[in-house]
file coords_12.tsv (TSV, C-alpha atoms and all ligand atoms)
chain	number	residue	atom	x	y	z
A	3	MET	CA	3.80	-16.16	-13.45
A	4	THR	CA	4.10	-12.39	-13.62
A	5	LYS	CA	7.71	-11.29	-13.86
A	6	ARG	CA	9.01	-9.91	-10.55
A	7	VAL	CA	11.74	-7.31	-10.28
A	8	TYR	CA	14.69	-7.20	-7.91
A	9	ASN	CA	13.28	-4.80	-5.35
A	10	PHE	CA	15.82	-2.78	-3.36
A	11	ASN	CA	13.26	-0.37	-1.93
A	12	PRO	CA	14.06	0.86	1.59
A	13	GLY	CA	10.55	0.21	2.91
A	14	PRO	CA	7.92	-0.88	2.20
A	15	SER	CA	10.24	-3.39	0.65
A	16	THR	CA	10.52	-6.79	-0.92
A	17	LEU	CA	8.77	-9.72	0.77
A	18	PRO	CA	9.70	-13.40	0.49
A	19	LEU	CA	8.10	-14.92	-2.61
A	20	ASP	CA	6.92	-17.93	-0.59
A	21	VAL	CA	5.06	-15.60	1.75
A	22	LEU	CA	3.30	-13.83	-1.12
A	23	LYS	CA	2.32	-17.17	-2.65
A	24	LYS	CA	0.89	-18.43	0.65
A	25	LEU	CA	-1.00	-15.18	1.08
A	26	GLN	CA	-2.42	-15.52	-2.41
A	27	ALA	CA	-3.41	-19.15	-1.91
A	28	ASP	CA	-5.15	-18.43	1.40
A	29	LEU	CA	-6.80	-15.21	0.37
A	30	LEU	CA	-10.31	-16.25	-0.62
A	31	ASN	CA	-10.85	-19.00	1.91
A	32	PHE	CA	-8.78	-18.67	5.06
A	33	GLU	CA	-8.70	-21.85	7.17
A	34	ASN	CA	-11.98	-23.06	5.63
A	35	THR	CA	-13.91	-20.07	6.92
A	36	GLY	CA	-15.10	-19.21	3.40
A	37	MET	CA	-13.72	-15.71	4.04
A	38	SER	CA	-10.41	-13.96	3.69
A	39	ILE	CA	-8.35	-13.11	6.78
A	40	MET	CA	-9.43	-9.50	6.20
A	41	GLU	CA	-13.09	-10.37	6.59
A	42	ILE	CA	-13.06	-12.33	9.83
A	43	SER	CA	-13.39	-10.95	13.34
A	44	HIS	CA	-10.30	-10.05	15.32
A	45	ARG	CA	-12.04	-11.92	18.13
A	46	SER	CA	-12.58	-15.15	16.15
A	47	PRO	CA	-10.70	-18.34	17.10
A	48	GLU	CA	-9.11	-18.44	13.61
A	49	TYR	CA	-7.63	-14.98	13.99
A	50	ASP	CA	-6.72	-15.58	17.62
A	51	LYS	CA	-4.45	-18.44	16.56
A	52	VAL	CA	-2.70	-16.23	13.96
A	53	HIS	CA	-2.21	-13.51	16.56
A	54	ASN	CA	-0.81	-15.78	19.26
A	55	ASP	CA	1.36	-17.72	16.80
A	56	ALA	CA	2.93	-14.43	15.66
A	57	ILE	CA	3.67	-13.53	19.29
A	58	ALA	CA	5.12	-16.96	20.08
A	59	LEU	CA	7.28	-16.98	16.93
A	60	THR	CA	8.67	-13.52	17.72
A	61	LYS	CA	9.75	-14.67	21.17
A	62	GLU	CA	11.13	-17.94	19.84
A	63	LEU	CA	13.22	-16.25	17.12
A	64	MET	CA	14.50	-13.68	19.61
A	65	GLY	CA	15.18	-16.29	22.27
A	66	LEU	CA	13.10	-14.41	24.84
A	67	ASP	CA	11.29	-15.87	27.83
A	68	ASP	CA	8.04	-14.92	29.51
A	69	SER	CA	9.57	-11.87	31.13
A	70	TYR	CA	8.94	-10.24	27.74
A	71	LYS	CA	5.66	-9.19	26.13
A	72	VAL	CA	5.12	-8.92	22.39
A	73	LEU	CA	2.70	-6.28	21.12
A	74	PHE	CA	1.34	-5.41	17.70
A	75	VAL	CA	0.07	-1.86	17.36
A	76	GLY	CA	-0.86	0.56	14.60
A	77	GLY	CA	0.55	4.01	13.92
A	78	GLY	CA	4.01	3.19	12.58
A	79	ALA	CA	7.33	3.40	14.37
A	80	SER	CA	7.06	7.21	14.32
A	81	THR	CA	4.18	7.07	16.80
A	82	GLN	CA	6.46	5.30	19.27
A	83	PHE	CA	8.77	8.34	19.22
A	84	ALA	CA	6.09	10.12	21.33
A	85	TYR	CA	4.66	7.12	23.17
A	86	ILE	CA	8.00	6.20	24.71
A	87	PRO	CA	8.55	9.48	26.58
A	88	MET	CA	4.83	9.68	27.42
A	89	ASN	CA	5.11	6.32	29.18
A	90	PHE	CA	8.65	6.30	30.53
A	91	LEU	CA	9.93	9.87	30.92
A	92	HIS	CA	8.55	11.32	34.12
A	93	LYS	CA	8.74	14.78	35.67
A	94	GLY	CA	12.21	15.47	37.03
A	95	GLU	CA	13.80	12.67	34.98
A	96	VAL	CA	16.15	12.76	32.03
A	97	ALA	CA	15.93	10.52	28.97
A	98	ALA	CA	19.17	9.78	27.11
A	99	TYR	CA	19.30	9.53	23.31
A	100	VAL	CA	22.06	8.81	20.83
A	101	ASP	CA	21.62	10.90	17.69
A	102	THR	CA	22.60	8.96	14.57
A	103	GLY	CA	20.56	10.98	12.08
A	104	THR	CA	17.08	11.37	10.63
A	105	TRP	CA	15.05	8.84	12.62
A	106	SER	CA	16.82	9.24	15.94
A	107	THR	CA	16.75	13.02	15.45
A	108	LYS	CA	12.98	12.76	15.07
A	109	ALA	CA	12.71	10.58	18.18
A	110	ILE	CA	14.72	13.17	20.15
A	111	LYS	CA	12.59	16.06	18.93
A	112	GLU	CA	9.46	14.23	19.97
A	113	ALA	CA	10.82	13.38	23.44
A	114	GLN	CA	11.70	17.05	23.98
A	115	ASN	CA	7.98	17.77	23.85
A	116	PHE	CA	7.51	15.73	27.00
A	117	GLY	CA	10.58	16.20	29.17
A	118	GLU	CA	14.30	16.66	29.45
A	119	VAL	CA	16.54	14.96	26.90
A	120	HIS	CA	20.25	14.30	27.40
A	121	LEU	CA	22.26	13.83	24.22
A	122	ALA	CA	24.28	10.73	25.07
A	123	GLY	CA	26.24	10.73	21.82
A	124	SER	CA	26.05	12.09	18.30
A	125	SER	CA	27.77	11.84	14.95
A	126	LYS	CA	26.05	14.95	13.59
A	127	GLU	CA	29.33	16.88	13.17
A	128	ASP	CA	30.49	14.24	10.71
A	129	GLY	CA	27.27	14.06	8.77
A	130	TYR	CA	26.13	10.98	10.73
A	131	THR	CA	28.66	8.83	8.91
A	132	TYR	CA	29.41	6.64	11.92
A	133	ILE	CA	27.91	5.17	15.08
A	134	PRO	CA	29.37	6.66	18.29
A	135	GLN	CA	31.38	3.90	19.96
A	136	PRO	CA	30.74	2.66	23.52
A	137	GLU	CA	33.24	5.06	25.12
A	138	GLU	CA	31.63	7.98	23.29
A	139	ILE	CA	28.15	7.24	24.66
A	140	GLN	CA	27.63	8.94	28.01
A	141	TYR	CA	24.54	9.67	30.08
A	142	PRO	CA	23.43	10.08	33.70
A	143	HIS	CA	23.43	6.79	35.64
A	144	ASP	CA	19.83	7.46	36.68
A	145	ALA	CA	18.50	8.25	33.18
A	146	ALA	CA	14.91	7.09	32.58
A	147	TYR	CA	16.23	5.13	29.56
A	148	LEU	CA	18.79	5.18	26.75
A	149	HIS	CA	17.32	5.24	23.25
A	150	ILE	CA	19.25	4.11	20.18
A	151	THR	CA	18.39	3.49	16.52
A	152	THR	CA	20.15	0.21	15.73
A	153	ASN	CA	20.13	0.72	11.96
A	154	ASN	CA	19.96	4.06	10.23
A	155	THR	CA	18.03	3.47	7.04
A	156	ILE	CA	18.93	6.76	5.39
A	157	LYS	CA	22.54	7.31	6.49
A	158	GLY	CA	23.46	3.63	6.05
A	159	THR	CA	24.95	3.07	9.50
A	160	GLN	CA	24.35	0.27	12.00
A	161	TYR	CA	25.37	-0.58	15.55
A	162	HIS	CA	27.74	-3.54	15.62
A	163	PHE	CA	27.83	-3.54	19.43
A	164	LEU	CA	25.23	-3.18	22.16
A	165	PRO	CA	25.70	-0.45	24.76
A	166	ASP	CA	25.98	-1.96	28.20
A	167	THR	CA	23.55	0.21	30.13
A	168	GLY	CA	23.51	-1.59	33.47
A	169	LYS	CA	20.34	-0.57	35.31
A	170	VAL	CA	19.31	2.04	32.74
A	171	PRO	CA	16.64	0.54	30.43
A	172	LEU	CA	17.84	0.24	26.83
A	173	ILE	CA	15.21	1.10	24.21
A	174	ALA	CA	15.82	0.58	20.51
A	175	ASP	CA	14.20	1.54	17.26
A	176	MET	CA	15.03	-1.58	15.23
A	177	SER	CA	12.75	-0.76	12.32
A	178	SER	CA	15.31	-1.45	9.65
A	179	ASP	CA	17.40	-4.30	11.03
A	180	ILE	CA	15.13	-6.33	13.25
A	181	LEU	CA	15.65	-10.11	12.99
A	182	SER	CA	18.46	-9.64	10.46
A	183	HIS	CA	21.23	-11.09	12.60
A	184	GLN	CA	21.81	-12.70	15.97
A	185	ILE	CA	21.95	-10.36	18.94
A	186	ASP	CA	21.16	-10.66	22.61
A	187	PHE	CA	17.63	-9.28	22.59
A	188	SER	CA	17.44	-9.71	26.37
A	189	LYS	CA	19.71	-6.66	26.72
A	190	PHE	CA	16.77	-4.47	25.75
A	191	SER	CA	13.88	-3.23	27.86
A	192	MET	CA	11.98	-2.29	24.75
A	193	ILE	CA	12.39	-2.87	21.03
A	194	TYR	CA	10.09	-1.46	18.39
A	195	ALA	CA	9.98	-1.75	14.63
A	196	GLY	CA	7.66	-0.72	11.85
A	197	ALA	CA	6.97	-3.98	10.01
A	198	GLN	CA	7.54	-2.74	6.48
A	199	LYS	CA	11.19	-3.72	6.06
A	200	ASN	CA	12.14	-7.05	7.61
A	201	LEU	CA	8.80	-8.17	9.02
A	202	GLY	CA	5.98	-7.67	6.55
A	203	PRO	CA	3.85	-4.88	5.08
A	204	SER	CA	3.30	-1.42	6.54
A	205	GLY	CA	0.38	-0.96	8.93
A	206	VAL	CA	1.67	-2.64	12.04
A	207	THR	CA	4.47	-1.97	14.51
A	208	LEU	CA	6.05	-4.72	16.55
A	209	ILE	CA	6.89	-3.89	20.15
A	210	VAL	CA	8.82	-6.22	22.42
A	211	MET	CA	8.80	-5.09	26.01
A	212	LYS	CA	10.32	-6.33	29.21
A	213	LYS	CA	7.50	-6.65	31.71
A	214	ASN	CA	9.30	-4.86	34.53
A	215	ILE	CA	9.58	-1.59	32.60
A	216	LEU	CA	5.77	-1.43	32.67
A	217	ASP	CA	5.93	-0.89	36.46
A	218	THR	CA	7.43	2.56	35.89
A	219	ILE	CA	4.43	3.85	33.91
A	220	GLU	CA	2.33	6.39	35.77
A	221	ASP	CA	-1.44	6.82	35.51
A	222	GLY	CA	-3.03	9.60	33.49
A	223	ILE	CA	-1.88	8.63	29.97
A	224	PRO	CA	-4.60	8.26	27.30
A	225	THR	CA	-5.75	4.63	27.15
A	226	MET	CA	-4.41	3.80	23.68
A	227	ILE	CA	-1.04	5.39	24.46
A	228	ASP	CA	-0.55	3.59	27.79
A	229	TYR	CA	1.44	0.43	26.97
A	230	ARG	CA	-0.28	-1.39	29.84
A	231	THR	CA	-3.54	-1.32	27.85
A	232	HIS	CA	-2.01	-3.35	25.03
A	233	VAL	CA	-0.19	-5.69	27.37
A	234	THR	CA	-3.31	-6.40	29.44
A	235	LYS	CA	-5.47	-6.93	26.35
A	236	ASN	CA	-2.84	-8.85	24.34
A	237	SER	CA	-2.91	-6.10	21.65
A	238	LEU	CA	-6.64	-6.64	21.18
A	239	PHE	CA	-8.03	-3.67	23.11
A	240	ASN	CA	-9.33	-2.34	19.81
A	241	THR	CA	-9.43	-3.77	16.27
A	242	ALA	CA	-5.92	-4.96	15.53
A	243	PRO	CA	-4.39	-4.56	12.03
A	244	THR	CA	-5.23	-8.18	11.30
A	245	LEU	CA	-3.98	-8.49	7.72
A	246	PRO	CA	-0.52	-7.00	8.42
A	247	ILE	CA	-0.20	-9.18	11.54
A	248	TYR	CA	-1.12	-12.25	9.52
A	249	ILE	CA	1.57	-11.43	6.95
A	250	VAL	CA	4.09	-10.81	9.75
A	251	LYS	CA	3.25	-14.29	11.03
A	252	LEU	CA	3.97	-15.74	7.57
A	253	VAL	CA	7.29	-13.87	7.44
A	254	LEU	CA	8.26	-15.13	10.90
A	255	GLU	CA	7.47	-18.69	9.81
A	256	TRP	CA	9.58	-18.12	6.70
A	257	ILE	CA	12.51	-16.93	8.86
A	258	LYS	CA	12.16	-20.04	11.01
A	259	ASP	CA	12.00	-22.28	7.93
A	260	GLN	CA	15.20	-20.68	6.62
A	261	GLY	CA	16.95	-21.94	9.76
A	262	GLY	CA	16.29	-18.97	12.05
A	263	LEU	CA	18.52	-15.99	12.70
A	264	SER	CA	21.83	-17.84	12.33
A	265	THR	CA	21.04	-18.76	8.71
A	266	ILE	CA	19.53	-15.35	8.01
A	267	GLU	CA	22.70	-13.74	9.38
A	268	THR	CA	24.95	-15.92	7.22
A	269	ILE	CA	23.03	-14.99	4.08
A	270	ASN	CA	22.88	-11.30	5.01
A	271	ARG	CA	26.63	-11.32	5.65
A	272	ALA	CA	27.29	-12.83	2.22
A	273	LYS	CA	24.99	-10.29	0.56
A	274	LYS	CA	26.62	-7.22	2.13
A	275	ASP	CA	30.13	-8.62	1.53
A	276	ILE	CA	29.46	-8.79	-2.21
A	277	VAL	CA	28.29	-5.17	-2.40
A	278	TYR	CA	30.90	-3.66	-0.07
A	279	GLY	CA	33.51	-5.82	-1.77
A	280	MET	CA	32.71	-4.16	-5.08
A	281	ILE	CA	32.84	-0.68	-3.51
A	282	ASP	CA	36.21	-1.33	-1.85
A	283	ASP	CA	37.71	-2.91	-4.97
A	284	TYR	CA	37.21	0.26	-7.02
A	285	PRO	CA	37.84	3.21	-4.68
A	286	ASP	CA	38.47	5.55	-7.60
A	287	TYR	CA	34.94	4.96	-8.88
A	288	PHE	CA	32.83	4.27	-5.77
A	289	ARG	CA	32.94	6.38	-2.62
A	290	ALA	CA	31.45	4.99	0.57
A	291	PRO	CA	30.76	7.83	3.03
A	292	VAL	CA	30.17	5.58	6.05
A	293	ARG	CA	33.06	4.64	8.36
A	294	LYS	CA	33.87	0.93	7.99
A	295	ASP	CA	33.08	-0.05	11.59
A	296	SER	CA	29.59	1.42	11.24
A	297	ARG	CA	28.54	0.13	7.83
A	298	SER	CA	24.97	-1.09	7.62
A	299	TRP	CA	24.26	-4.59	6.37
A	300	MET	CA	20.73	-3.53	5.48
A	301	ASN	CA	21.09	-0.19	3.70
A	302	LEU	CA	24.37	0.13	1.79
A	303	VAL	CA	25.02	3.67	0.62
A	304	PHE	CA	27.66	4.88	-1.81
A	305	ARG	CA	28.41	7.58	-4.34
A	306	LEU	CA	29.53	7.45	-7.96
A	307	PRO	CA	31.95	9.99	-9.52
A	308	SER	CA	29.07	12.40	-10.34
A	309	GLU	CA	25.39	12.98	-9.63
A	310	GLU	CA	24.69	12.60	-13.36
A	311	LEU	CA	26.14	9.10	-13.29
A	312	GLU	CA	24.12	8.26	-10.18
A	313	GLN	CA	20.92	9.33	-11.91
A	314	LYS	CA	21.88	7.38	-15.03
A	315	LEU	CA	22.59	4.26	-12.97
A	316	VAL	CA	19.23	4.46	-11.19
A	317	GLU	CA	17.39	4.89	-14.49
A	318	GLU	CA	19.23	2.12	-16.35
A	319	ALA	CA	18.91	-0.21	-13.37
A	320	LYS	CA	15.16	0.31	-13.33
A	321	LEU	CA	14.91	-0.64	-17.01
A	322	ALA	CA	16.96	-3.76	-16.27
A	323	GLY	CA	14.62	-4.79	-13.42
A	324	PHE	CA	16.54	-3.46	-10.39
A	325	ILE	CA	14.19	-1.14	-8.49
A	326	GLY	CA	14.74	1.32	-5.63
A	327	LEU	CA	18.46	2.10	-5.84
A	328	LYS	CA	18.13	5.86	-5.44
A	329	GLY	CA	19.53	7.19	-2.17
A	330	HIS	CA	17.17	9.07	0.15
A	331	ARG	CA	16.44	12.57	-1.16
A	332	SER	CA	18.18	14.08	1.90
A	333	VAL	CA	21.54	12.44	1.14
A	334	GLY	CA	21.49	11.54	-2.57
A	335	GLY	CA	23.73	8.86	-4.06
A	336	ILE	CA	22.91	5.18	-4.33
A	337	ARG	CA	21.36	2.99	-1.65
A	338	VAL	CA	21.12	-0.78	-1.96
A	339	SER	CA	18.71	-2.11	0.65
A	340	LEU	CA	19.41	-5.76	1.41
A	341	TYR	CA	16.66	-6.74	3.81
A	342	ASN	CA	16.10	-10.39	4.76
A	343	ALA	CA	13.81	-11.10	1.83
A	344	MET	CA	16.36	-9.97	-0.77
A	345	THR	CA	18.04	-13.10	-2.08
A	346	LEU	CA	21.77	-13.69	-2.41
A	347	GLU	CA	21.09	-14.01	-6.14
A	348	GLY	CA	19.56	-10.52	-6.10
A	349	ALA	CA	22.70	-9.08	-4.49
A	350	GLU	CA	24.93	-10.89	-7.00
A	351	LYS	CA	22.86	-9.73	-9.96
A	352	VAL	CA	22.79	-6.09	-8.90
A	353	VAL	CA	26.57	-6.11	-8.39
A	354	GLU	CA	27.01	-7.63	-11.85
A	355	PHE	CA	24.80	-4.88	-13.25
A	356	ILE	CA	26.67	-2.07	-11.45
A	357	MET	CA	30.06	-3.50	-12.50
A	358	ASN	CA	28.93	-3.47	-16.13
A	359	PHE	CA	27.66	0.07	-15.70
A	360	ARG	CA	31.08	1.07	-14.34
A	361	LYS	CA	32.83	-0.45	-17.35
A	362	ASN	CA	30.58	1.43	-19.77
A	363	ASN	CA	30.63	4.73	-17.90
B	401	LIG	C1	14.86	3.41	11.49
B	401	LIG	C2	13.49	3.92	11.22
B	401	LIG	N1	12.74	4.34	12.24
B	401	LIG	C3	11.49	4.81	12.05
B	401	LIG	C4	10.93	4.88	10.80
B	401	LIG	C5	9.54	5.40	10.65
B	401	LIG	O1	8.68	4.33	10.51
B	401	LIG	P1	7.14	4.52	10.21
B	401	LIG	O2	7.01	4.99	8.82
B	401	LIG	O3	6.58	3.15	10.45
B	401	LIG	O4	6.60	5.51	11.18
B	401	LIG	C6	11.67	4.44	9.70
B	401	LIG	C7	11.09	4.49	8.34
B	401	LIG	O5	11.71	4.22	7.35
B	401	LIG	C8	12.98	3.96	9.92
B	401	LIG	O6	13.74	3.54	8.89
call {"tool": "encode", "arguments": {"input": "coords_12.tsv", "output": "structure tokens"}}
result
Amino acid sequence: MTKRVYNFNPGPSTLPLDVLKKLQADLLNFENTGMSIMEISHRSPEYDKVHNDAIALTKELMGLDDSYKVLFVGGGASTQFAYIPMNFLHKGEVAAYVDTGTWSTKAIKEAQNFGEVHLAGSSKEDGYTYIPQPEEIQYPHDAAYLHITTNNTIKGTQYHFLPDTGKVPLIADMSSDILSHQIDFSKFSMIYAGAQKNLGPSGVTLIVMKKNILDTIEDGIPTMIDYRTHVTKNSLFNTAPTLPIYIVKLVLEWIKDQGGLSTIETINRAKKDIVYGMIDDYPDYFRAPVRKDSRSWMNLVFRLPSEELEQKLVEEAKLAGFIGLKGHRSVGGIRVSLYNAMTLEGAEKVVEFIMNFRKNN
């Protein structure tokens, strides 16, 4: 078999090997159709089963009942930044947002094009190095919704609590930590995530929506932007991104086969403990900018004593088969992305490599 690298890319990112093998095995003749999944109709019974299995698995893994709808749409998570206010922020209303950097900042900017935004909390003054805690998050009791970004892929922060919003609908961009640990998904009125980190390839966005939030949508929104279109048509109003949805289904099956979210969480906890353990053991060499209570389990960011050493580490790591360790261009440093599909062995090996690098440099 072709040699595979340890892929720490932030997204698109590594996929489970078993999923890739299944994809490869099924590619030329999917379910005895004599065609690949890419070549069959999105209205065929074979595809229909894939589609509905993916929906059922999402609900099962999240522990959600029929008061929730699962949608698969195109356009990436970024498109949702505009769709959310277009659907849920009406004239005379205020939408509340917590600003935790890059992606939430973009979501806020987009919402401001459609209505009034209330900044419910922000860690901007401290370079987005922490998640505002519950008592720091404040917004009008009649806000149209509160929007949070549960994991901040670039800054390396993550919510380790869920804001209790009472009657205000809670909406979350979970692009970079969806299905990575156990949480009470029923606290959310809407969850969305680009697939390309924990769910599959790019090209599809998962949306999980509580049915009752749909009642607040007003008429007059373009058909494809109105969430009710996709709910009514089970995400098959137009040609769905069938290949990405099929791969998402394989990934969801893989998560279930692993033992579901409790096992995934245990493995993810072990992975992040190894990397943060190394950082904390050598504080004179590694510097972790993120406050400890807000550290991400998915995107672990840290600095070395100099930018030259960081560059050297990234280059040497690549030669040794560890890909994607360069921090985002906006923040620099090192970023180790430990999404679900990264193995515990991968985390151990990269720590071994970085420890050796430290000794030699
Ligand atoms: C947290 C978060 N939200 C949104 C996005 C944007 O996703 P997309 O490229 O699917 O629009 C990203 C991309 O990395 C992300 O990490």
call {"tool": "residues_near_ligand", "arguments": {"input": "coords_12.tsv", "ligand": "ligand LIG 401 (chain B)", "cutoff": "9 Å", "atoms": "all atoms listed in the file", "output": "PyMOL selection string"}}
result
chain A and resi 12-14+76-83+104-106+108-109+151-156+175-179+194-199+204-207
call {"tool": "closest_residue", "arguments": {"input": "coords_12.tsv", "among": "A:Val100, A:Phe355, A:Ile57, A:Pro291", "to": "Leu321 (chain A)", "atoms": "all atoms listed in the file"}}
result
A:Phe355
call {"tool": "closest_residue", "arguments": {"input": "coords_12.tsv", "among": "A:Pro142, A:Lys294, A:Pro307, A:Glu137", "to": "His162 (chain A)", "atoms": "all atoms listed in the file"}}
result
A:Lys294
call {"tool": "residues_near_point", "arguments": {"input": "coords_12.tsv", "point": "(14.9, -4.9, -3.2)", "cutoff": "7 Å", "atoms": "only C-alpha atoms", "output": "number ranges by chain"}}
result
A: 8-11, 15-16, 325-326, 339-340, 344
call {"tool": "residues_around", "arguments": {"input": "coords_12.tsv", "residues": "Ala98 (chain A)", "least_positions_apart": "4", "cutoff": "7 Å", "atoms": "only C-alpha atoms", "output": "JSON, numbers by chain"}}
result
{"A": [119, 120, 121, 122, 141, 145, 147, 148, 149]}
call {"tool": "residues_around", "arguments": {"input": "coords_12.tsv", "residues": "region 275-289 of chain A", "least_positions_apart": "2", "cutoff": "8 Å", "atoms": "all atoms listed in the file", "output": "MDAnalysis selection string"}}
result
chainID A and resid 271:273 291 302 304:307 349:350 353 357 360
call {"tool": "closest_residue", "arguments": {"input": "coords_12.tsv", "among": "A:Ser38, A:Gln135, A:Asn200, A:Thr4", "to": "Asp295 (chain A)", "atoms": "all atoms listed in the file"}}
result
A:Gln135
call {"tool": "decode", "arguments": {"input": "coords_12.tsv", "residues": "region 16-40 of chain A", "atoms": "N, CA and C atoms", "output": "compact mmCIF listing (two decimals), in the first residue's frame"}}
result
# COMPACT_ATOMS: atom_id res chain seq x y z
N THR A 16 -7.32 14.86 7.74
CA THR A 16 -7.21 13.41 7.63
C THR A 16 -8.57 12.72 7.79
N LEU A 17 -8.75 11.64 7.05
CA LEU A 17 -9.98 10.84 7.16
C LEU A 17 -9.61 9.46 7.67
N PRO A 18 -10.55 8.76 8.32
CA PRO A 18 -10.21 7.41 8.80
C PRO A 18 -9.80 6.50 7.64
N LEU A 19 -8.73 5.76 7.84
CA LEU A 19 -8.24 4.87 6.78
C LEU A 19 -9.32 3.88 6.34
N ASP A 20 -10.08 3.36 7.30
CA ASP A 20 -11.14 2.40 6.96
C ASP A 20 -12.17 3.02 6.02
N VAL A 21 -12.44 4.29 6.21
CA VAL A 21 -13.40 4.99 5.35
C VAL A 21 -12.84 5.10 3.93
N LEU A 22 -11.57 5.46 3.83
CA LEU A 22 -10.97 5.60 2.49
C LEU A 22 -10.94 4.25 1.77
N LYS A 23 -10.67 3.20 2.54
CA LYS A 23 -10.62 1.85 1.91
C LYS A 23 -12.01 1.44 1.42
N LYS A 24 -13.02 1.73 2.21
CA LYS A 24 -14.39 1.37 1.82
C LYS A 24 -14.79 2.16 0.57
N LEU A 25 -14.42 3.42 0.57
CA LEU A 25 -14.71 4.29 -0.58
C LEU A 25 -14.06 3.71 -1.84
N GLN A 26 -12.81 3.31 -1.68
CA GLN A 26 -12.06 2.77 -2.81
C GLN A 26 -12.69 1.46 -3.31
N ALA A 27 -13.07 0.61 -2.37
CA ALA A 27 -13.64 -0.68 -2.75
C ALA A 27 -14.98 -0.52 -3.46
N ASP A 28 -15.75 0.48 -3.04
CA ASP A 28 -17.10 0.66 -3.59
C ASP A 28 -17.12 1.52 -4.85
N LEU A 29 -15.96 2.08 -5.20
CA LEU A 29 -16.00 3.18 -6.16
C LEU A 29 -16.56 2.78 -7.53
N LEU A 30 -16.11 1.68 -8.08
CA LEU A 30 -16.49 1.39 -9.47
C LEU A 30 -17.89 0.78 -9.59
N ASN A 31 -18.30 0.10 -8.54
CA ASN A 31 -19.60 -0.59 -8.63
C ASN A 31 -20.33 -0.46 -7.29
N PHE A 32 -21.05 0.64 -7.15
CA PHE A 32 -21.71 0.92 -5.88
C PHE A 32 -23.02 0.11 -5.77
N GLU A 33 -23.10 -0.73 -4.75
CA GLU A 33 -24.32 -1.50 -4.48
C GLU A 33 -24.83 -2.23 -5.72
N ASN A 34 -23.90 -2.83 -6.47
CA ASN A 34 -24.26 -3.57 -7.68
C ASN A 34 -25.03 -2.77 -8.72
N THR A 35 -24.80 -1.48 -8.76
CA THR A 35 -25.44 -0.67 -9.80
C THR A 35 -24.60 -0.67 -11.07
N GLY A 36 -23.32 -1.10 -10.96
CA GLY A 36 -22.42 -1.01 -12.11
C GLY A 36 -21.94 0.41 -12.34
N MET A 37 -22.19 1.27 -11.35
CA MET A 37 -21.79 2.69 -11.45
C MET A 37 -21.20 3.10 -10.11
N SER A 38 -20.45 4.21 -10.15
CA SER A 38 -19.98 4.75 -8.88
C SER A 38 -21.09 5.59 -8.25
N ILE A 39 -20.95 5.89 -6.97
CA ILE A 39 -21.94 6.73 -6.28
C ILE A 39 -22.06 8.09 -6.97
N MET A 40 -20.98 8.51 -7.63
CA MET A 40 -20.98 9.83 -8.29
C MET A 40 -21.82 9.84 -9.55
